[in-house]
Amino acid sequence: MAEISEKNREENSVNYPNFLNRSFFEDVLQKYEQDSTLSITNLEITSATQAGDNFSSIVLKAKVFYKTNGKEIISKSLIVKTLPFEDSSRKEMLESFPVFEREIEIYTKVLQEMRRIMDSIGDSEEFSPKLIYFSRDPKVLIFDDLKELGYQMHLELHNFENTVKIARKLAKFHALSIYIDENKSNIDLTKYKTIITKDGIEKGQVFFGGLDYLKEEVKNWPGYEKVAEKLANQSRVYVNDLLKAYEPLPAPGFNVLCHADFHIKNLLFKMQDGSMLTETMFLDFQMSHWGSPGVDLIPIFYAMGDAECRKRREEILFAYHESLEGYMKRLGCLTKCPSLLELNGDLLKMGAVEVVWGITFLPFFYPFFANLDMSAVEDPTPEAMNKIRKIMYSDKDVNEALREILLNLLYRGVLY
């Protein structure tokens, strides 16, 4: 059969919009292959992510079998991103954000310009999967399936060596954005403002609301009395500080195009012997905006690298800075690269971002989270949110990490 049946939908345990059918994919591939006679012989649609791996989109895998240019059956694996289509608070929240329009622009303008610049200096490294198709109505993006090229998700936090490689690639991405901004090549990166708003934080309490719950939990931890006091103070200024931190640094501050959702679930990796990172691809540019590089650097220590990386934070920042400065010179950027001291100072001023990643987001990157009831996450009640947080903060590994992180934030003056 050319179209996946309702029975197969049930077997695959995946729901998706009805427009994702044989006719739709045939039209997409006819344009991509430049063959109006192309015909699909079979279509299989399955989920491309595990529960909890992607909140801002539905991500599907479409295996398409087709005939083109006189060739017999060809198969192609595609990754399809679209908005949630069933009514929920999640759908309502995402529709209020310009996430799809932002990602379309990053792929069709910014990443293409980065590719052109890299080609001009003989750099063949890739940042992202190839965009096959996009549409604003219906909202959908289709990419090559990088797993066909050996890339995989790697949901276990990386060791120090792998994390340094990721930080160095991030530095290249940031340096390229500086060059684009300097040359004003029909792309104004500064127009990409953060999509984080006060209303969005209030609607996303399942993610942002951990501070209020944790400050009550910490009161019961012996030796953490000062931390509990600081958390209570922090919760009163947290939202305003966070909104300010996501704004670009005022002149003469150093700003770049931030990925702005830079964590381990938004990258794909090639691994050698199961542990050594050889190649990395960035995914999900829906939140990308112009701002301090700290927006991307801070998550590295809580949602990319393991506990050793937090202990060796300065080394990772040194590697990032070295690569940033070196690639800016290679490109011929006129903008002055900040000193390592200035970079560390900028990060220290972004305490609210450090709090949100180190305290409220961190539990979502531990393995136990995959076993939680995702219906409670997608449309949470206050009771469900408290239940989720209680499970998170009582998990042994999360609890151990939080105790270490909270003391570190206290001693560095991030909690005040």
# chains A, B, ... in the order shown; residues from 1 in each chain; ligands from 1
$ closest_atom_pairs --of "segment 307-414 of chain A" --to "segment 234-253 of chain A" --cutoff "9 Å" --atoms "only C-alpha atoms" --output "Markdown table"
| residue | atom | partner | partner_atom | distance |
| --- | --- | --- | --- | --- |
| A:Pro338 | CA | A:Gly253 | CA | 8.6 |
| A:Asp346 | CA | A:Gly253 | CA | 8.7 |
| A:Lys349 | CA | A:Ala245 | CA | 8.1 |
| A:Met350 | CA | A:Ala245 | CA | 5.6 |
| A:Gly351 | CA | A:Asp241 | CA | 8.0 |
| A:Ala352 | CA | A:Leu242 | CA | 4.9 |
| A:Val353 | CA | A:Leu242 | CA | 6.0 |
| A:Val355 | CA | A:Tyr238 | CA | 8.6 |
| A:Val356 | CA | A:Leu242 | CA | 8.2 |
$ residues_around --residues "segment 159-164 of chain A" --least-positions-apart "3" --cutoff "6 Å" --atoms "only C-alpha atoms" --output "PyMOL selection string"
chain A and resi 167+277+305-306+309+316
$ write_last_selection --atoms "C-alpha atoms" --output "PDB file, in the first residue's frame"
ATOM      1  CA  ALA A 167      32.666  23.527  22.760  1.00  0.00           C
ATOM      2  CA  LEU A 277      33.202  11.576  19.682  1.00  0.00           C
ATOM      3  CA  GLY A 305      28.956  17.409  29.927  1.00  0.00           C
ATOM      4  CA  ASP A 306      29.102  15.213  33.014  1.00  0.00           C
ATOM      5  CA  CYS A 309      33.092  18.819  33.098  1.00  0.00           C
ATOM      6  CA  ILE A 316      36.425  23.944  28.701  1.00  0.00           C
TER       7      ILE A 316
END
$ select_by_dssp --residues "segment 97-238 of chain A" --states "strand (DSSP E or B)" --output "list of chain:residue names"
A:Leu131, A:Ile132, A:Tyr133, A:Phe134, A:Ser135, A:Arg136, A:Lys139, A:Val140, A:Leu141, A:Ile142, A:Phe143, A:Asp144, A:Gln152, A:His158
$ select_by_dssp --residues "segment 112-158 of chain A" --states "helix (DSSP H, G or I)" --output "PyMOL selection string"
chain A and resi 112-120+146-149
$ write_last_selection --atoms "N, CA, C and O atoms" --output "PDB file, in the first residue's frame"
ATOM      1  N   GLN A 112      22.990  28.672   5.378  1.00  0.00           N
ATOM      2  CA  GLN A 112      23.474  28.685   3.989  1.00  0.00           C
ATOM      3  C   GLN A 112      24.615  29.690   3.828  1.00  0.00           C
ATOM      4  O   GLN A 112      25.594  29.426   3.122  1.00  0.00           O
ATOM      5  N   GLU A 113      24.497  30.841   4.484  1.00  0.00           N
ATOM      6  CA  GLU A 113      25.572  31.836   4.408  1.00  0.00           C
ATOM      7  C   GLU A 113      26.821  31.329   5.117  1.00  0.00           C
ATOM      8  O   GLU A 113      27.946  31.537   4.642  1.00  0.00           O
ATOM      9  N   MET A 114      26.642  30.652   6.242  1.00  0.00           N
ATOM     10  CA  MET A 114      27.797  30.059   6.925  1.00  0.00           C
ATOM     11  C   MET A 114      28.485  29.041   6.023  1.00  0.00           C
ATOM     12  O   MET A 114      29.717  28.982   5.957  1.00  0.00           O
ATOM     13  N   ARG A 115      27.689  28.248   5.307  1.00  0.00           N
ATOM     14  CA  ARG A 115      28.258  27.261   4.390  1.00  0.00           C
ATOM     15  C   ARG A 115      29.071  27.939   3.292  1.00  0.00           C
ATOM     16  O   ARG A 115      30.163  27.488   2.935  1.00  0.00           O
ATOM     17  N   ARG A 116      28.541  29.041   2.745  1.00  0.00           N
ATOM     18  CA  ARG A 116      29.243  29.775   1.687  1.00  0.00           C
ATOM     19  C   ARG A 116      30.576  30.315   2.204  1.00  0.00           C
ATOM     20  O   ARG A 116      31.605  30.207   1.524  1.00  0.00           O
ATOM     21  N   ILE A 117      30.569  30.883   3.402  1.00  0.00           N
ATOM     22  CA  ILE A 117      31.789  31.450   3.989  1.00  0.00           C
ATOM     23  C   ILE A 117      32.819  30.351   4.237  1.00  0.00           C
ATOM     24  O   ILE A 117      34.008  30.510   3.928  1.00  0.00           O
ATOM     25  N   MET A 118      32.378  29.234   4.785  1.00  0.00           N
ATOM     26  CA  MET A 118      33.296  28.129   5.073  1.00  0.00           C
ATOM     27  C   MET A 118      33.902  27.568   3.793  1.00  0.00           C
ATOM     28  O   MET A 118      35.087  27.244   3.742  1.00  0.00           O
ATOM     29  N   ASP A 119      33.081  27.451   2.748  1.00  0.00           N
ATOM     30  CA  ASP A 119      33.600  26.978   1.464  1.00  0.00           C
ATOM     31  C   ASP A 119      34.706  27.908   0.943  1.00  0.00           C
ATOM     32  O   ASP A 119      35.687  27.457   0.353  1.00  0.00           O
ATOM     33  N   SER A 120      34.540  29.194   1.192  1.00  0.00           N
ATOM     34  CA  SER A 120      35.505  30.181   0.667  1.00  0.00           C
ATOM     35  C   SER A 120      36.866  30.070   1.330  1.00  0.00           C
ATOM     36  O   SER A 120      37.865  30.545   0.773  1.00  0.00           O
ATOM     37  N   LEU A 146      19.986  11.969   9.327  1.00  0.00           N
ATOM     38  CA  LEU A 146      21.422  11.812   9.556  1.00  0.00           C
ATOM     39  C   LEU A 146      21.790  10.448  10.124  1.00  0.00           C
ATOM     40  O   LEU A 146      22.950  10.042  10.066  1.00  0.00           O
ATOM     41  N   LYS A 147      20.827   9.742  10.673  1.00  0.00           N
ATOM     42  CA  LYS A 147      21.122   8.408  11.198  1.00  0.00           C
ATOM     43  C   LYS A 147      21.515   7.459  10.080  1.00  0.00           C
ATOM     44  O   LYS A 147      22.215   6.475  10.311  1.00  0.00           O
ATOM     45  N   GLU A 148      21.075   7.777   8.864  1.00  0.00           N
ATOM     46  CA  GLU A 148      21.478   6.982   7.702  1.00  0.00           C
ATOM     47  C   GLU A 148      22.963   7.172   7.399  1.00  0.00           C
ATOM     48  O   GLU A 148      23.562   6.370   6.701  1.00  0.00           O
ATOM     49  N   LEU A 149      23.537   8.258   7.914  1.00  0.00           N
ATOM     50  CA  LEU A 149      24.964   8.546   7.701  1.00  0.00           C
ATOM     51  C   LEU A 149      25.798   8.193   8.931  1.00  0.00           C
ATOM     52  O   LEU A 149      26.978   8.542   9.017  1.00  0.00           O
TER      53      LEU A 149
END
$ atom_distance --atom1 "atom CA of Ile74 of chain A" --atom2 "atom CA of Thr41 of chain A"
9.3 Å
$ closest_residue --among "A:Lys230, A:Val64, A:His174, A:Asp144" --to "Gly413 of chain A" --atoms "only C-alpha atoms"
A:Lys230
$ closest_residue --among "A:Asp296, A:Asp188, A:Glu202, A:Glu383" --to "Ile106 of chain A" --atoms "only C-alpha atoms"
A:Asp188
$ closest_residue --among "A:Glu156, A:Tyr213, A:Phe285, A:Phe364" --to "Pro382 of chain A" --atoms "only C-alpha atoms"
A:Tyr213
$ atom_distance --atom1 "atom CA of Leu43 of chain A" --atom2 "atom CA of Lys63 of chain A"
5.9 Å
$ closest_residue --among "A:Lys311, A:Ala228, A:Pro363, A:Met392" --to "Leu406 of chain A" --atoms "only C-alpha atoms"
A:Ala228
$ closest_residue --among "A:His263, A:Lys81, A:Lys76, A:Arg22" --to "Trp357 of chain A" --atoms "only C-alpha atoms"
A:His263
$ residues_around --residues "Gly210 of chain A" --least-positions-apart "6" --cutoff "8 Å" --atoms "only C-alpha atoms" --output "list in words"
Ile359, Thr360 and Arg389 of chain A
$ write_last_selection --atoms "N, CA and C atoms" --output "CSV table (one decimal), in the first residue's frame"
chain,number,residue,atom,x,y,z
A,359,ILE,N,19.6,24.1,38.0
A,359,ILE,CA,18.6,23.7,39.0
A,359,ILE,C,17.4,23.2,38.4
A,360,THR,N,16.7,24.0,37.5
A,360,THR,CA,15.4,23.6,37.0
A,360,THR,C,15.4,22.7,35.8
A,389,ARG,N,8.3,17.1,40.2
A,389,ARG,CA,9.5,17.7,40.9
A,389,ARG,C,10.0,16.9,42.0
$ closest_residue --among "A:Tyr366, A:Phe269, A:Tyr302, A:Tyr320" --to "Glu354 of chain A" --atoms "only C-alpha atoms"
A:Tyr302
$ atom_distance --atom1 "atom CA of Pro293 of chain A" --atom2 "atom CA of Arg403 of chain A"
26.5 Å
